Amino acid sequence: MSWYGFFKVPFTQFVKHGYKATITGAENIPATGPVILASNHVSYADTFLTPALIKRQVTLPVKAEAFRRDQGPKWAVIGWFLKAVGMVPLDRSGGRAALDGLGPVIEALEQGRVVGIYPEGTRSPDGRLYQGKTGVARLALSTGAPVVPVGILDADIAGTKFGIPWVERPRIIVGEPLDFSVWKGMQDDRAMGRWVTDEVMAAIQKLTGQTYVQAYAASVKSGSMDAAEADRRVRERPGGGPPPKEPTGGLS
């Protein structure tokens, strides 16, 4: 048994019988081959709820600094654990570095693995769905992997029990795969990246019913955008309309 399987067994039992979590639509996740699981992000619990409830191993991108082993014994153990269970480093510094930092995630997909990603980039500050960052589109357009939308509901932390953050009856809803492979190779096209990202976020919104805000969650959490401005940016759905370019025979 792998380290992932070793740790997953108790986590799965805890999530099912402690939190009484449920999942519907798990059959929408392809049984083999690369898959991108794209989810809304409402609480810390999201990171282990979905992996615990599906059969396939899920690789999650984790901030690259967590893998450093020169920060003391605690971080050395954390870095070992993350690597042992198959997590991959992600550069979250922004800009070109962040795009280049997707390399380990793309490599995981090229190996046929399931990668979980939160396109909002951070937890929602108020339970609404915020604009997705285009990394999810870059992954899909670079690899041709299908994007499976995932909606997480009722996963807010409701206090603690036995010193453990507690969630009451969270629900995971898995939607049908989105196939963008006809546009494979267009990962550097900004308009295409935005359209794909908005389509993914719209699919997530359909599962969760969340109000959509056309702004980045990080802007609200940091205080650079106030609540009134966020309210003015509420939209019926992300994006909309046809893709910006028709696929051509020259794409690969």
# chains A, B, ... in the order shown; residues from 1 in each chain; ligands from 1
$ residues_around --residues "Arg233 (chain A)" --least-positions-apart "4" --cutoff "12 Å" --atoms "only C-alpha atoms" --output "PyMOL selection string"
chain A and resi 128-131+211-217+220+225-229+237-238
$ residues_around --residues "Arg113 (chain A)" --least-positions-apart "2" --cutoff "8 Å" --atoms "only C-alpha atoms" --output "PyMOL selection string"
chain A and resi 33-35+57-59+108-111+115
$ write_last_selection --atoms "N, CA and C atoms" --output "mmCIF file, in the first residue's frame"
data_model
loop_
_atom_site.group_PDB
_atom_site.id
_atom_site.type_symbol
_atom_site.label_atom_id
_atom_site.label_comp_id
_atom_site.auth_asym_id
_atom_site.auth_seq_id
_atom_site.Cartn_x
_atom_site.Cartn_y
_atom_site.Cartn_z
ATOM 1 N N GLY A 33 -6.795 7.795 -16.823
ATOM 2 C CA GLY A 33 -6.340 8.952 -17.582
ATOM 3 C C GLY A 33 -6.345 10.230 -16.771
ATOM 4 N N PRO A 34 -5.755 11.284 -17.336
ATOM 5 C CA PRO A 34 -5.648 12.555 -16.622
ATOM 6 C C PRO A 34 -7.001 13.221 -16.429
ATOM 7 N N VAL A 35 -7.196 13.821 -15.272
ATOM 8 C CA VAL A 35 -8.437 14.516 -14.943
ATOM 9 C C VAL A 35 -8.099 15.733 -14.101
ATOM 10 N N GLN A 57 -6.736 8.353 -6.656
ATOM 11 C CA GLN A 57 -5.850 9.210 -5.888
ATOM 12 C C GLN A 57 -5.890 10.617 -6.466
ATOM 13 N N VAL A 58 -5.964 11.609 -5.589
ATOM 14 C CA VAL A 58 -6.023 13.004 -6.011
ATOM 15 C C VAL A 58 -4.717 13.704 -5.642
ATOM 16 N N THR A 59 -4.116 14.354 -6.616
ATOM 17 C CA THR A 59 -2.925 15.166 -6.394
ATOM 18 C C THR A 59 -3.351 16.618 -6.267
ATOM 19 N N ALA A 108 2.109 15.999 -13.611
ATOM 20 C CA ALA A 108 1.229 15.026 -12.959
ATOM 21 C C ALA A 108 0.096 14.601 -13.892
ATOM 22 N N LEU A 109 -0.453 15.544 -14.635
ATOM 23 C CA LEU A 109 -1.519 15.220 -15.589
ATOM 24 C C LEU A 109 -0.977 14.369 -16.730
ATOM 25 N N GLU A 110 0.205 14.693 -17.206
ATOM 26 C CA GLU A 110 0.801 13.913 -18.296
ATOM 27 C C GLU A 110 1.093 12.479 -17.859
ATOM 28 N N GLN A 111 1.193 12.266 -16.555
ATOM 29 C CA GLN A 111 1.379 10.920 -16.010
ATOM 30 C C GLN A 111 0.050 10.190 -15.823
ATOM 31 N N VAL A 115 -5.787 15.607 -10.757
ATOM 32 C CA VAL A 115 -5.308 16.804 -10.073
ATOM 33 C C VAL A 115 -6.504 17.620 -9.604
#
$ residues_around --residues "Trp195 (chain A)" --least-positions-apart "3" --cutoff "9 Å" --atoms "only C-alpha atoms" --output "list in words"
Ala137, Arg190, Ala191, Met192, Asp198, Glu199, Val200, Gly239, Gly240, Gly241, Pro242, Pro243 and Pro244 of chain A
$ write_last_selection --atoms "N, CA and C atoms" --output "short mmCIF file (atom, residue, chain, number, x, y, z; two decimals), in the first residue's frame"
data_model
loop_
_atom_site.label_atom_id
_atom_site.label_comp_id
_atom_site.auth_asym_id
_atom_site.auth_seq_id
_atom_site.Cartn_x
_atom_site.Cartn_y
_atom_site.Cartn_z
N ALA A 137 -7.46 26.82 -16.91
CA ALA A 137 -7.52 26.77 -18.37
C ALA A 137 -6.17 26.40 -18.94
N ARG A 190 -4.80 34.51 -24.30
CA ARG A 190 -5.43 35.05 -23.09
C ARG A 190 -6.95 35.02 -23.17
N ALA A 191 -7.50 35.35 -24.34
CA ALA A 191 -8.96 35.34 -24.47
C ALA A 191 -9.51 33.93 -24.32
N MET A 192 -8.82 32.95 -24.91
CA MET A 192 -9.26 31.56 -24.77
C MET A 192 -9.15 31.10 -23.32
N ASP A 198 -14.05 30.76 -17.39
CA ASP A 198 -15.42 31.16 -17.09
C ASP A 198 -16.40 30.01 -17.31
N GLU A 199 -16.16 29.18 -18.32
CA GLU A 199 -17.03 28.02 -18.54
C GLU A 199 -16.92 27.03 -17.38
N VAL A 200 -15.71 26.86 -16.87
CA VAL A 200 -15.52 25.96 -15.72
C VAL A 200 -16.24 26.53 -14.51
N GLY A 239 -18.80 34.80 -17.37
CA GLY A 239 -18.61 34.78 -18.83
C GLY A 239 -19.90 34.62 -19.60
N GLY A 240 -19.84 33.71 -20.58
CA GLY A 240 -20.97 33.49 -21.47
C GLY A 240 -20.58 33.74 -22.91
N GLY A 241 -21.36 33.19 -23.81
CA GLY A 241 -21.08 33.38 -25.22
C GLY A 241 -20.17 32.30 -25.78
N PRO A 242 -19.93 32.33 -27.10
CA PRO A 242 -19.11 31.31 -27.77
C PRO A 242 -17.64 31.51 -27.48
N PRO A 243 -16.82 30.52 -27.76
CA PRO A 243 -15.37 30.68 -27.58
C PRO A 243 -14.84 31.77 -28.50
N PRO A 244 -13.77 32.45 -28.12
CA PRO A 244 -13.26 33.57 -28.91
C PRO A 244 -12.69 33.18 -30.25
#
$ select_by_dssp --residues "region 8-247 of chain A" --states "helix (DSSP H, G or I)" --output "ChimeraX atom specification"
/A:8-18,26-28,46-53,64-67,73-84,95-100,103-110,135-143,181-183,190-208,217-222,227-232
$ residues_around --residues "Ala21 (chain A)" --least-positions-apart "2" --cutoff "7 Å" --atoms "only C-alpha atoms" --output "PDB file with N, CA and C atoms, in the first residue's frame"
ATOM      1  N   VAL A  15     -14.390  10.996   7.521  1.00  0.00           N
ATOM      2  CA  VAL A  15     -15.241  11.891   6.735  1.00  0.00           C
ATOM      3  C   VAL A  15     -16.649  11.312   6.570  1.00  0.00           C
ATOM      4  N   LYS A  16     -16.722  10.018   6.317  1.00  0.00           N
ATOM      5  CA  LYS A  16     -18.032   9.387   6.104  1.00  0.00           C
ATOM      6  C   LYS A  16     -18.844   9.261   7.387  1.00  0.00           C
ATOM      7  N   TYR A  19     -18.066  13.217   9.925  1.00  0.00           N
ATOM      8  CA  TYR A  19     -18.731  14.361   9.294  1.00  0.00           C
ATOM      9  C   TYR A  19     -20.049  13.982   8.628  1.00  0.00           C
ATOM     10  N   ILE A  23     -21.474  12.123  -1.260  1.00  0.00           N
ATOM     11  CA  ILE A  23     -21.036  12.518  -2.596  1.00  0.00           C
ATOM     12  C   ILE A  23     -22.012  11.967  -3.623  1.00  0.00           C
ATOM     13  N   ARG A 169     -22.355  17.322   7.963  1.00  0.00           N
ATOM     14  CA  ARG A 169     -23.012  16.794   6.764  1.00  0.00           C
ATOM     15  C   ARG A 169     -22.681  17.567   5.478  1.00  0.00           C
ATOM     16  N   PRO A 170     -21.413  17.714   5.155  1.00  0.00           N
ATOM     17  CA  PRO A 170     -21.060  18.369   3.884  1.00  0.00           C
ATOM     18  C   PRO A 170     -21.480  17.515   2.699  1.00  0.00           C
ATOM     19  N   ARG A 171     -21.732  18.181   1.591  1.00  0.00           N
ATOM     20  CA  ARG A 171     -22.152  17.486   0.365  1.00  0.00           C
ATOM     21  C   ARG A 171     -21.203  17.818  -0.773  1.00  0.00           C
TER      22      ARG A 171
END
$ residues_around --residues "Leu207 (chain A)" --least-positions-apart "5" --cutoff "10 Å" --atoms "only C-alpha atoms" --output "NGL selection string"
:A and (40 or 149-153 or 172-175 or 201-202)
$ write_last_selection --atoms "N, CA and C atoms" --output "PDB file, in the first residue's frame"
ATOM      1  N   ASN A  40     -15.197  24.736  -6.198  1.00  0.00           N
ATOM      2  CA  ASN A  40     -15.292  25.948  -5.381  1.00  0.00           C
ATOM      3  C   ASN A  40     -14.529  25.714  -4.081  1.00  0.00           C
ATOM      4  N   PRO A 149     -16.144  19.502 -13.078  1.00  0.00           N
ATOM      5  CA  PRO A 149     -16.533  20.487 -12.066  1.00  0.00           C
ATOM      6  C   PRO A 149     -17.024  19.795 -10.797  1.00  0.00           C
ATOM      7  N   VAL A 150     -16.663  20.360  -9.665  1.00  0.00           N
ATOM      8  CA  VAL A 150     -17.061  19.819  -8.367  1.00  0.00           C
ATOM      9  C   VAL A 150     -17.657  20.940  -7.531  1.00  0.00           C
ATOM     10  N   GLY A 151     -18.824  20.687  -6.964  1.00  0.00           N
ATOM     11  CA  GLY A 151     -19.460  21.648  -6.073  1.00  0.00           C
ATOM     12  C   GLY A 151     -19.417  21.142  -4.639  1.00  0.00           C
ATOM     13  N   ILE A 152     -18.940  21.976  -3.731  1.00  0.00           N
ATOM     14  CA  ILE A 152     -18.885  21.618  -2.312  1.00  0.00           C
ATOM     15  C   ILE A 152     -19.880  22.494  -1.558  1.00  0.00           C
ATOM     16  N   LEU A 153     -20.768  21.837  -0.825  1.00  0.00           N
ATOM     17  CA  LEU A 153     -21.828  22.532  -0.097  1.00  0.00           C
ATOM     18  C   LEU A 153     -21.802  22.146   1.384  1.00  0.00           C
ATOM     19  N   ILE A 172     -20.817  16.784  -1.504  1.00  0.00           N
ATOM     20  CA  ILE A 172     -19.984  16.944  -2.690  1.00  0.00           C
ATOM     21  C   ILE A 172     -20.815  16.540  -3.897  1.00  0.00           C
ATOM     22  N   ILE A 173     -20.872  17.411  -4.902  1.00  0.00           N
ATOM     23  CA  ILE A 173     -21.603  17.110  -6.136  1.00  0.00           C
ATOM     24  C   ILE A 173     -20.615  17.183  -7.290  1.00  0.00           C
ATOM     25  N   VAL A 174     -20.503  16.100  -8.032  1.00  0.00           N
ATOM     26  CA  VAL A 174     -19.571  16.027  -9.151  1.00  0.00           C
ATOM     27  C   VAL A 174     -20.353  16.142 -10.452  1.00  0.00           C
ATOM     28  N   GLY A 175     -19.989  17.108 -11.284  1.00  0.00           N
ATOM     29  CA  GLY A 175     -20.678  17.312 -12.549  1.00  0.00           C
ATOM     30  C   GLY A 175     -20.055  16.518 -13.685  1.00  0.00           C
ATOM     31  N   MET A 201     -16.092  27.829 -14.266  1.00  0.00           N
ATOM     32  CA  MET A 201     -16.741  28.434 -13.109  1.00  0.00           C
ATOM     33  C   MET A 201     -18.260  28.409 -13.238  1.00  0.00           C
ATOM     34  N   ALA A 202     -18.763  28.556 -14.455  1.00  0.00           N
ATOM     35  CA  ALA A 202     -20.213  28.475 -14.671  1.00  0.00           C
ATOM     36  C   ALA A 202     -20.731  27.076 -14.355  1.00  0.00           C
TER      37      ALA A 202
END
$ closest_residue --among "A:Ser224, A:Thr134, A:Ser219, A:Thr160" --to "Gln187 (chain A)" --atoms "only C-alpha atoms"
A:Thr134
$ select_by_dssp --residues "region 11-246 of chain A" --states "strand (DSSP E or B)" --output "JSON, numbers by chain"
{"A": [22, 23, 24, 35, 36, 37, 38, 39, 58, 59, 61, 62, 63, 88, 89, 90, 114, 115, 116, 117, 129, 130, 147, 148, 149, 150, 151, 152, 153, 160, 161, 164, 165, 171, 172, 173, 174, 178, 212, 213, 234, 235]}
$ residues_around --residues "Asp179 (chain A)" --least-positions-apart "3" --cutoff "9 Å" --atoms "only C-alpha atoms" --output "PDB file with N, CA and C atoms, in the first residue's frame"
ATOM      1  N   ALA A 140      -5.782  22.685 -18.698  1.00  0.00           N
ATOM      2  CA  ALA A 140      -6.631  21.961 -19.641  1.00  0.00           C
ATOM      3  C   ALA A 140      -6.138  22.116 -21.072  1.00  0.00           C
ATOM      4  N   GLY A 144      -4.917  18.781 -22.622  1.00  0.00           N
ATOM      5  CA  GLY A 144      -6.101  18.166 -23.209  1.00  0.00           C
ATOM      6  C   GLY A 144      -6.920  17.370 -22.206  1.00  0.00           C
ATOM      7  N   ALA A 145      -6.546  17.427 -20.930  1.00  0.00           N
ATOM      8  CA  ALA A 145      -7.272  16.680 -19.898  1.00  0.00           C
ATOM      9  C   ALA A 145      -8.669  17.259 -19.696  1.00  0.00           C
ATOM     10  N   PRO A 146      -9.661  16.402 -19.458  1.00  0.00           N
ATOM     11  CA  PRO A 146     -11.005  16.907 -19.177  1.00  0.00           C
ATOM     12  C   PRO A 146     -11.050  17.603 -17.829  1.00  0.00           C
ATOM     13  N   VAL A 147     -11.920  18.585 -17.713  1.00  0.00           N
ATOM     14  CA  VAL A 147     -12.136  19.280 -16.453  1.00  0.00           C
ATOM     15  C   VAL A 147     -13.465  18.802 -15.875  1.00  0.00           C
ATOM     16  N   VAL A 148     -13.426  18.245 -14.671  1.00  0.00           N
ATOM     17  CA  VAL A 148     -14.638  17.782 -14.010  1.00  0.00           C
ATOM     18  C   VAL A 148     -15.002  18.803 -12.934  1.00  0.00           C
ATOM     19  N   VAL A 182     -10.296  20.126 -28.010  1.00  0.00           N
ATOM     20  CA  VAL A 182     -10.245  20.614 -29.389  1.00  0.00           C
ATOM     21  C   VAL A 182      -9.402  21.888 -29.478  1.00  0.00           C
TER      22      VAL A 182
END
$ decode --residues "region 211-228 of chain A" --atoms "N, CA and C atoms" --output "short mmCIF file (atom, residue, chain, number, x, y, z; two decimals), in the first residue's frame"
data_model
loop_
_atom_site.label_atom_id
_atom_site.label_comp_id
_atom_site.auth_asym_id
_atom_site.auth_seq_id
_atom_site.Cartn_x
_atom_site.Cartn_y
_atom_site.Cartn_z
N THR A 211 -24.09 32.67 -5.60
CA THR A 211 -24.06 33.96 -6.26
C THR A 211 -22.66 34.19 -6.81
N TYR A 212 -22.57 34.70 -8.04
CA TYR A 212 -21.26 34.90 -8.67
C TYR A 212 -20.85 36.35 -8.60
N VAL A 213 -19.58 36.57 -8.21
CA VAL A 213 -19.00 37.91 -8.15
C VAL A 213 -17.85 37.97 -9.15
N GLN A 214 -17.91 38.92 -10.06
CA GLN A 214 -16.86 39.05 -11.07
C GLN A 214 -15.70 39.88 -10.51
N ALA A 215 -15.01 39.27 -9.59
CA ALA A 215 -13.83 39.87 -8.95
C ALA A 215 -13.08 38.73 -8.30
N TYR A 216 -11.80 38.94 -8.05
CA TYR A 216 -11.01 37.90 -7.40
C TYR A 216 -11.24 37.92 -5.89
N ALA A 217 -11.41 36.74 -5.33
CA ALA A 217 -11.64 36.62 -3.89
C ALA A 217 -10.50 37.24 -3.09
N ALA A 218 -9.28 37.10 -3.60
CA ALA A 218 -8.12 37.63 -2.88
C ALA A 218 -8.20 39.15 -2.72
N SER A 219 -8.83 39.83 -3.69
CA SER A 219 -8.95 41.28 -3.60
C SER A 219 -9.84 41.68 -2.43
N VAL A 220 -10.90 40.91 -2.22
CA VAL A 220 -11.82 41.19 -1.12
C VAL A 220 -11.16 40.83 0.21
N LYS A 221 -10.49 39.69 0.26
CA LYS A 221 -9.86 39.25 1.51
C LYS A 221 -8.74 40.19 1.94
N SER A 222 -8.03 40.75 0.98
CA SER A 222 -6.91 41.64 1.31
C SER A 222 -7.37 43.04 1.67
N GLY A 223 -8.62 43.37 1.33
CA GLY A 223 -9.13 44.70 1.61
C GLY A 223 -8.93 45.68 0.47
N SER A 224 -8.30 45.26 -0.62
CA SER A 224 -8.09 46.17 -1.75
C SER A 224 -9.40 46.44 -2.50
N MET A 225 -10.42 45.60 -2.27
CA MET A 225 -11.76 45.85 -2.80
C MET A 225 -12.75 45.76 -1.64
N ASP A 226 -13.56 46.80 -1.47
CA ASP A 226 -14.49 46.77 -0.35
C ASP A 226 -15.75 46.00 -0.71
N ALA A 227 -16.57 45.74 0.30
CA ALA A 227 -17.76 44.91 0.12
C ALA A 227 -18.75 45.55 -0.85
N ALA A 228 -18.85 46.86 -0.82
CA ALA A 228 -19.81 47.54 -1.71
C ALA A 228 -19.42 47.34 -3.17
#
